[in-house]
Amino acid sequence: MASTATPTLLTLDAFREAQARIRGVAARTPLVRLLDPRLDSAEVYVKAEGLQPIGSFKLRGAYNKIAQLTPDQKSRGVITYSSGNHAQGVAYAARVLGLKAVIVMPSNAPEVKKRATAALGAEIVEVGPASSARKEKAEELEAKYGYVMIPPYDDEQIIAGQGTCGLEILEDLPDVDLVLSPVSGGGLLSGIATAIKLSNPPQPVQTRVIGVEPELAADAQESFRSGQLVTWPAEKTTRTFCDGLRTQSLGDRNFEHIRTFVDDIITVTESEIRAAMRTLLYSARLTPEPSGAASAAGILFHRDQLLPFRKAVVVMSGGNVEPGVLKSVLAEKDPPGVPGAPGAGVTGVVQ
């Protein structure tokens, strides 16, 4: 249930301070040109967050949060709950700063993410598949051992860290008029939208920001369009193969920022996401995880839901894909006449 108190909205300074704080730890990822006949003459670029040291954007927020802890808090160690990418972000940041990290992960988290988290030195505690179950377990351990909680998305410093992705997009492509971001708990979408909209007055164009999520886990779209924060049961959100987009509800802080700064949230099908994964691999030479391909699916298959644009950026949020999942996706073929096969496009990088 949403809090009765309205969360405070972040200022542009919070994002700029986060950008300075994470510099040298999180990578400044490139914009990679995506060429595909479905895009007509529009310029579309991929923000390649899969090139982060942990393979996803989550390092931005995790490090921004943990780096600001007091010496006493750091001595107690940190804990979080995550299906994988935030887990790695917290584990990586904790290792850089010399802290203990405990991660509560769902039993159905991809093995590639579990192994990567353990390799970074974190202690892993497994629970059931519901996002509510891992949050409850983490809070139990926090109370028992005194760890400091590092929330996966519903936190001002997490939002500020994720929003640095939006600052980079504007710096590299100042006249971008459309940005598409995946949405689950809302950390990335709320951060990107807020940073971009607060930066927009000095920009030559007003940039629209749209969230994209699987139609099988469309709680964020329902919340956005109804104006009321809703929660979907785990048995519904776990139907999508996008393991990073199975959160059952937006966070309270994320929802307020999204209501204020996001223009719309659209949904995509599982087959569209799988086709977008192939397009990103063949046409942009990037390897996305399913969650990371959602935004590309939105621009490739739902142009009718987007106002006309000239230059767009789709955020590829991560690249931590299970080898078996990637193999099965690549074994499939797009319908006749649909681009996406090897050689369908060429790439260029905006530095």
# chains A, B, ... in the order shown; residues from 1 in each chain; ligands from 1
$ closest_atom_pairs --of "region 72-148 of chain A" --to "region 25-31 of chain A" --cutoff "12 Å" --atoms "only C-alpha atoms" --output "tab-separated table"
residue	atom	partner	partner_atom	distance
A:Gly89	CA	A:Ala26	CA	9.7
A:Tyr92	CA	A:Val25	CA	9.5
A:Ala93	CA	A:Val25	CA	8.4
A:Ala94	CA	A:Val25	CA	11.7
A:Arg95	CA	A:Val25	CA	11.5
A:Val96	CA	A:Val25	CA	8.5
A:Leu97	CA	A:Val25	CA	10.7
$ residues_around --residues "Val78 (chain A)" --least-positions-apart "2" --cutoff "8 Å" --atoms "only C-alpha atoms" --output "mmCIF file with N, CA and C atoms, in the first residue's frame"
data_model
loop_
_atom_site.group_PDB
_atom_site.id
_atom_site.type_symbol
_atom_site.label_atom_id
_atom_site.label_comp_id
_atom_site.auth_asym_id
_atom_site.auth_seq_id
_atom_site.Cartn_x
_atom_site.Cartn_y
_atom_site.Cartn_z
ATOM 1 N N LYS A 74 28.753 1.604 7.412
ATOM 2 C CA LYS A 74 29.614 0.754 6.599
ATOM 3 C C LYS A 74 30.168 -0.413 7.412
ATOM 4 N N ARG A 76 28.711 -2.061 9.654
ATOM 5 C CA ARG A 76 27.662 -3.060 9.906
ATOM 6 C C ARG A 76 27.384 -3.932 8.696
ATOM 7 N N THR A 80 20.411 -6.395 0.754
ATOM 8 C CA THR A 80 19.380 -6.024 -0.204
ATOM 9 C C THR A 80 18.634 -7.263 -0.658
ATOM 10 N N ALA A 94 29.941 -2.876 -2.685
ATOM 11 C CA ALA A 94 30.434 -3.260 -1.366
ATOM 12 C C ALA A 94 31.879 -3.728 -1.445
ATOM 13 N N LEU A 99 33.110 -3.529 2.142
ATOM 14 C CA LEU A 99 32.023 -3.835 3.075
ATOM 15 C C LEU A 99 31.494 -5.250 2.889
ATOM 16 N N LYS A 100 30.861 -5.779 3.943
ATOM 17 C CA LYS A 100 30.151 -7.045 3.832
ATOM 18 C C LYS A 100 28.824 -6.809 3.123
ATOM 19 N N ALA A 101 28.426 -7.752 2.252
ATOM 20 C CA ALA A 101 27.143 -7.642 1.550
ATOM 21 C C ALA A 101 26.382 -8.957 1.653
ATOM 22 N N VAL A 102 25.099 -8.861 2.019
ATOM 23 C CA VAL A 102 24.199 -10.011 2.070
ATOM 24 C C VAL A 102 23.073 -9.746 1.084
ATOM 25 N N TYR A 147 22.254 -4.991 9.665
ATOM 26 C CA TYR A 147 22.731 -4.589 8.348
ATOM 27 C C TYR A 147 22.020 -3.314 7.897
ATOM 28 N N VAL A 148 22.620 -2.599 6.969
ATOM 29 C CA VAL A 148 21.997 -1.410 6.384
ATOM 30 C C VAL A 148 21.311 -1.808 5.080
ATOM 31 N N MET A 149 20.031 -1.505 4.967
ATOM 32 C CA MET A 149 19.266 -1.875 3.776
ATOM 33 C C MET A 149 19.614 -0.965 2.597
ATOM 34 N N ILE A 150 19.852 -1.593 1.452
ATOM 35 C CA ILE A 150 20.064 -0.867 0.196
ATOM 36 C C ILE A 150 18.900 -1.248 -0.723
#
$ closest_atom_pairs --of "region 45-142 of chain A" --to "region 164-173 of chain A" --cutoff "10 Å" --atoms "only C-alpha atoms" --output "Markdown table"
| residue | atom | partner | partner_atom | distance |
| --- | --- | --- | --- | --- |
| A:Tyr45 | CA | A:Leu173 | CA | 9.4 |
| A:Val46 | CA | A:Ile169 | CA | 9.9 |
| A:Lys47 | CA | A:Ile169 | CA | 7.6 |
| A:Glu49 | CA | A:Cys165 | CA | 8.6 |
| A:Phe57 | CA | A:Cys165 | CA | 7.9 |
| A:Arg60 | CA | A:Thr164 | CA | 7.5 |
| A:Gly61 | CA | A:Thr164 | CA | 8.8 |
$ select_by_dssp --residues "region 226-347 of chain A" --states "helix (DSSP H, G or I)" --output "PyMOL selection string"
chain A and resi 226+234-237+243-245+252-261+270-284+291-301+303-305+323-331
$ closest_residue --among "A:His86, A:Lys58, A:Arg208, A:Arg239" --to "Val262 (chain A)" --atoms "only C-alpha atoms"
A:Arg208
$ select_by_dssp --residues "region 10-167 of chain A" --states "strand (DSSP E or B)" --output "list in words"
Arg23, Ala26, Leu31, Val32, Arg33, Glu43, Val44, Tyr45, Val46, Lys47, Ala48, Ser56, Val78, Ile79, Thr80, Tyr81, Ala101, Val102, Ile103, Val104, Met105, Pro106, Glu123, Ile124, Val125, Glu126, Val127, Val148 and Met149 of chain A
$ residues_around --residues "Glu139 (chain A)" --least-positions-apart "4" --cutoff "9 Å" --atoms "only C-alpha atoms" --output "PDB file with C-alpha atoms, in the first residue's frame"
ATOM      1  CA  ILE A  79      21.801  -6.085   2.708  1.00  0.00           C
ATOM      2  CA  THR A  80      19.380  -6.024  -0.204  1.00  0.00           C
ATOM      3  CA  ARG A 134      12.553 -11.498  -0.625  1.00  0.00           C
ATOM      4  CA  LYS A 135      11.791  -8.035   0.746  1.00  0.00           C
ATOM      5  CA  ALA A 143      16.508  -6.225  12.088  1.00  0.00           C
ATOM      6  CA  LYS A 144      18.324  -9.303  13.413  1.00  0.00           C
ATOM      7  CA  MET A 149      19.266  -1.875   3.776  1.00  0.00           C
TER       8      MET A 149
END
$ residues_around --residues "Ala130 (chain A)" --least-positions-apart "5" --cutoff "12 Å" --atoms "only C-alpha atoms" --output "count of residues only"
26
$ residues_around --residues "Ile266 (chain A)" --least-positions-apart "2" --cutoff "8 Å" --atoms "only C-alpha atoms" --output "list in words"
Ile210, Gly211, Val212, Glu213, Gln221, Asp264, Val268, Gly298 and Gln305 of chain A
$ closest_residue --among "A:Lys114, A:Arg33, A:Lys333, A:His257" --to "Glu126 (chain A)" --atoms "only C-alpha atoms"
A:Lys114
$ atom_distance --atom1 "CA of Val44 (chain A)" --atom2 "CA of Phe261 (chain A)"
21.7 Å
$ closest_residue --among "A:Gly318, A:Pro71, A:Pro174, A:Gly161" --to "Ser190 (chain A)" --atoms "only C-alpha atoms"
A:Gly161
$ atom_distance --atom1 "CA of Arg16 (chain A)" --atom2 "CA of Glu156 (chain A)"
13.4 Å
$ atom_distance --atom1 "CA of Leu35 (chain A)" --atom2 "CA of Ala217 (chain A)"
28.6 Å
$ closest_residue --among "A:Pro290, A:Gly227, A:Pro53, A:Gly191" --to "Thr240 (chain A)" --atoms "only C-alpha atoms"
A:Pro290
$ residues_around --residues "Leu307 (chain A)" --least-positions-apart "6" --cutoff "12 Å" --atoms "only C-alpha atoms" --output "ChimeraX atom specification"
/A:177-179,207-210,263-264,299
$ write_last_selection --atoms "C-alpha atoms" --output "CSV table (one decimal), in the first residue's frame"
chain,number,residue,atom,x,y,z
A,177,ASP,CA,13.2,13.8,-28.6
A,178,LEU,CA,12.3,10.3,-27.3
A,179,VAL,CA,13.7,8.0,-24.7
A,207,THR,CA,12.4,15.1,-24.7
A,208,ARG,CA,9.5,12.6,-24.1
A,209,VAL,CA,10.2,9.7,-21.8
A,210,ILE,CA,8.2,6.5,-22.1
A,263,ASP,CA,4.8,10.7,-20.6
A,264,ASP,CA,3.4,7.2,-20.9
A,299,ILE,CA,10.2,1.1,-30.7
$ decode --residues "region 158-272 of chain A" --atoms "C-alpha atoms" --output "compact mmCIF listing (two decimals), in the first residue's frame"
# COMPACT_ATOMS: atom_id res chain seq x y z
CA ILE A 158 19.09 4.89 -5.86
CA ILE A 159 16.87 6.98 -8.16
CA ALA A 160 19.55 9.69 -8.40
CA GLY A 161 22.19 7.13 -9.35
CA GLN A 162 20.04 5.51 -12.02
CA GLY A 163 19.14 8.94 -13.39
CA THR A 164 22.76 9.60 -14.32
CA CYS A 165 21.99 7.41 -17.31
CA GLY A 166 19.60 10.14 -18.48
CA LEU A 167 22.21 12.88 -18.02
CA GLU A 168 24.62 10.95 -20.22
CA ILE A 169 21.98 10.51 -22.92
CA LEU A 170 21.41 14.28 -23.07
CA GLU A 171 25.13 15.03 -23.07
CA ASP A 172 25.78 12.65 -25.98
CA LEU A 173 22.61 13.41 -27.97
CA PRO A 174 21.30 16.86 -26.92
CA ASP A 175 18.51 16.93 -29.50
CA VAL A 176 17.03 13.53 -28.60
CA ASP A 177 13.25 13.82 -28.59
CA LEU A 178 12.26 10.34 -27.33
CA VAL A 179 13.73 8.02 -24.68
CA LEU A 180 12.33 4.58 -23.94
CA SER A 181 13.26 2.82 -20.69
CA PRO A 182 12.26 -0.53 -19.20
CA VAL A 183 10.19 -0.31 -16.01
CA SER A 184 9.70 -2.73 -13.14
CA GLY A 185 10.11 -1.24 -9.66
CA GLY A 186 10.67 2.09 -11.37
CA GLY A 187 14.19 3.08 -10.31
CA LEU A 188 15.59 3.44 -13.82
CA LEU A 189 12.51 4.99 -15.45
CA SER A 190 11.89 7.47 -12.63
CA GLY A 191 15.56 8.47 -12.52
CA ILE A 192 15.96 8.89 -16.27
CA ALA A 193 12.68 10.79 -16.69
CA THR A 194 13.34 13.15 -13.80
CA ALA A 195 16.94 13.90 -14.81
CA ILE A 196 15.95 14.53 -18.43
CA LYS A 197 12.88 16.65 -17.72
CA LEU A 198 14.71 18.79 -15.16
CA SER A 199 17.51 19.28 -17.69
CA ASN A 200 15.20 19.97 -20.63
CA PRO A 201 14.73 23.78 -20.40
CA PRO A 202 18.25 24.50 -21.71
CA GLN A 203 17.94 21.73 -24.31
CA PRO A 204 16.98 22.53 -27.93
CA VAL A 205 14.02 20.12 -27.81
CA GLN A 206 11.67 18.76 -25.17
CA THR A 207 12.35 15.07 -24.71
CA ARG A 208 9.50 12.65 -24.13
CA VAL A 209 10.22 9.69 -21.82
CA ILE A 210 8.18 6.51 -22.06
CA GLY A 211 8.35 3.34 -19.97
CA VAL A 212 8.12 -0.14 -21.47
CA GLU A 213 7.18 -3.35 -19.64
CA PRO A 214 5.94 -6.85 -20.53
CA GLU A 215 2.18 -7.11 -20.90
CA LEU A 216 2.38 -10.15 -18.59
CA ALA A 217 3.68 -7.90 -15.79
CA ALA A 218 1.94 -4.62 -16.56
CA ASP A 219 1.36 -3.31 -13.04
CA ALA A 220 3.31 -0.11 -13.79
CA GLN A 221 1.15 0.76 -16.78
CA GLU A 222 -2.00 0.12 -14.74
CA SER A 223 -0.70 2.32 -11.93
CA PHE A 224 0.34 5.10 -14.30
CA ARG A 225 -2.90 5.21 -16.26
CA SER A 226 -5.20 4.85 -13.24
CA GLY A 227 -3.27 7.32 -11.10
CA GLN A 228 -3.32 4.82 -8.23
CA LEU A 229 -0.44 2.58 -7.17
CA VAL A 230 -1.47 -1.05 -7.76
CA THR A 231 0.15 -4.38 -6.94
CA TRP A 232 -0.01 -7.50 -9.09
CA PRO A 233 0.25 -10.96 -7.51
CA ALA A 234 3.50 -12.88 -8.01
CA GLU A 235 1.74 -15.61 -10.00
CA LYS A 236 1.01 -13.00 -12.67
CA THR A 237 4.30 -11.09 -12.83
CA THR A 238 6.42 -14.25 -12.84
CA ARG A 239 4.83 -15.32 -16.14
CA THR A 240 7.20 -13.13 -18.12
CA PHE A 241 10.62 -14.48 -18.99
CA CYS A 242 12.04 -11.01 -18.26
CA ASP A 243 13.36 -11.89 -14.80
CA GLY A 244 14.39 -8.29 -14.13
CA LEU A 245 10.85 -6.97 -14.77
CA ARG A 246 8.85 -9.18 -12.41
CA THR A 247 8.46 -6.70 -9.55
CA GLN A 248 4.88 -6.67 -8.33
CA SER A 249 4.55 -2.92 -7.84
CA LEU A 250 6.29 0.39 -8.42
CA GLY A 251 7.95 1.91 -5.37
CA ASP A 252 6.20 4.85 -3.69
CA ARG A 253 8.98 7.34 -4.54
CA ASN A 254 9.32 5.95 -8.03
CA PHE A 255 5.60 6.28 -8.66
CA GLU A 256 5.55 9.95 -7.65
CA HIS A 257 8.46 10.76 -9.96
CA ILE A 258 6.91 8.71 -12.78
CA ARG A 259 3.52 10.46 -12.38
CA THR A 260 5.28 13.81 -12.57
CA PHE A 261 7.85 13.29 -15.31
CA VAL A 262 6.97 10.25 -17.47
CA ASP A 263 4.82 10.73 -20.58
CA ASP A 264 3.40 7.20 -20.92
CA ILE A 265 4.00 3.51 -20.25
CA ILE A 266 3.41 0.93 -22.97
CA THR A 267 3.56 -2.86 -22.96
CA VAL A 268 5.15 -5.43 -25.24
CA THR A 269 4.62 -9.15 -25.77
CA GLU A 270 7.03 -11.95 -24.97
CA SER A 271 7.50 -12.74 -28.68
CA GLU A 272 8.25 -9.06 -29.41
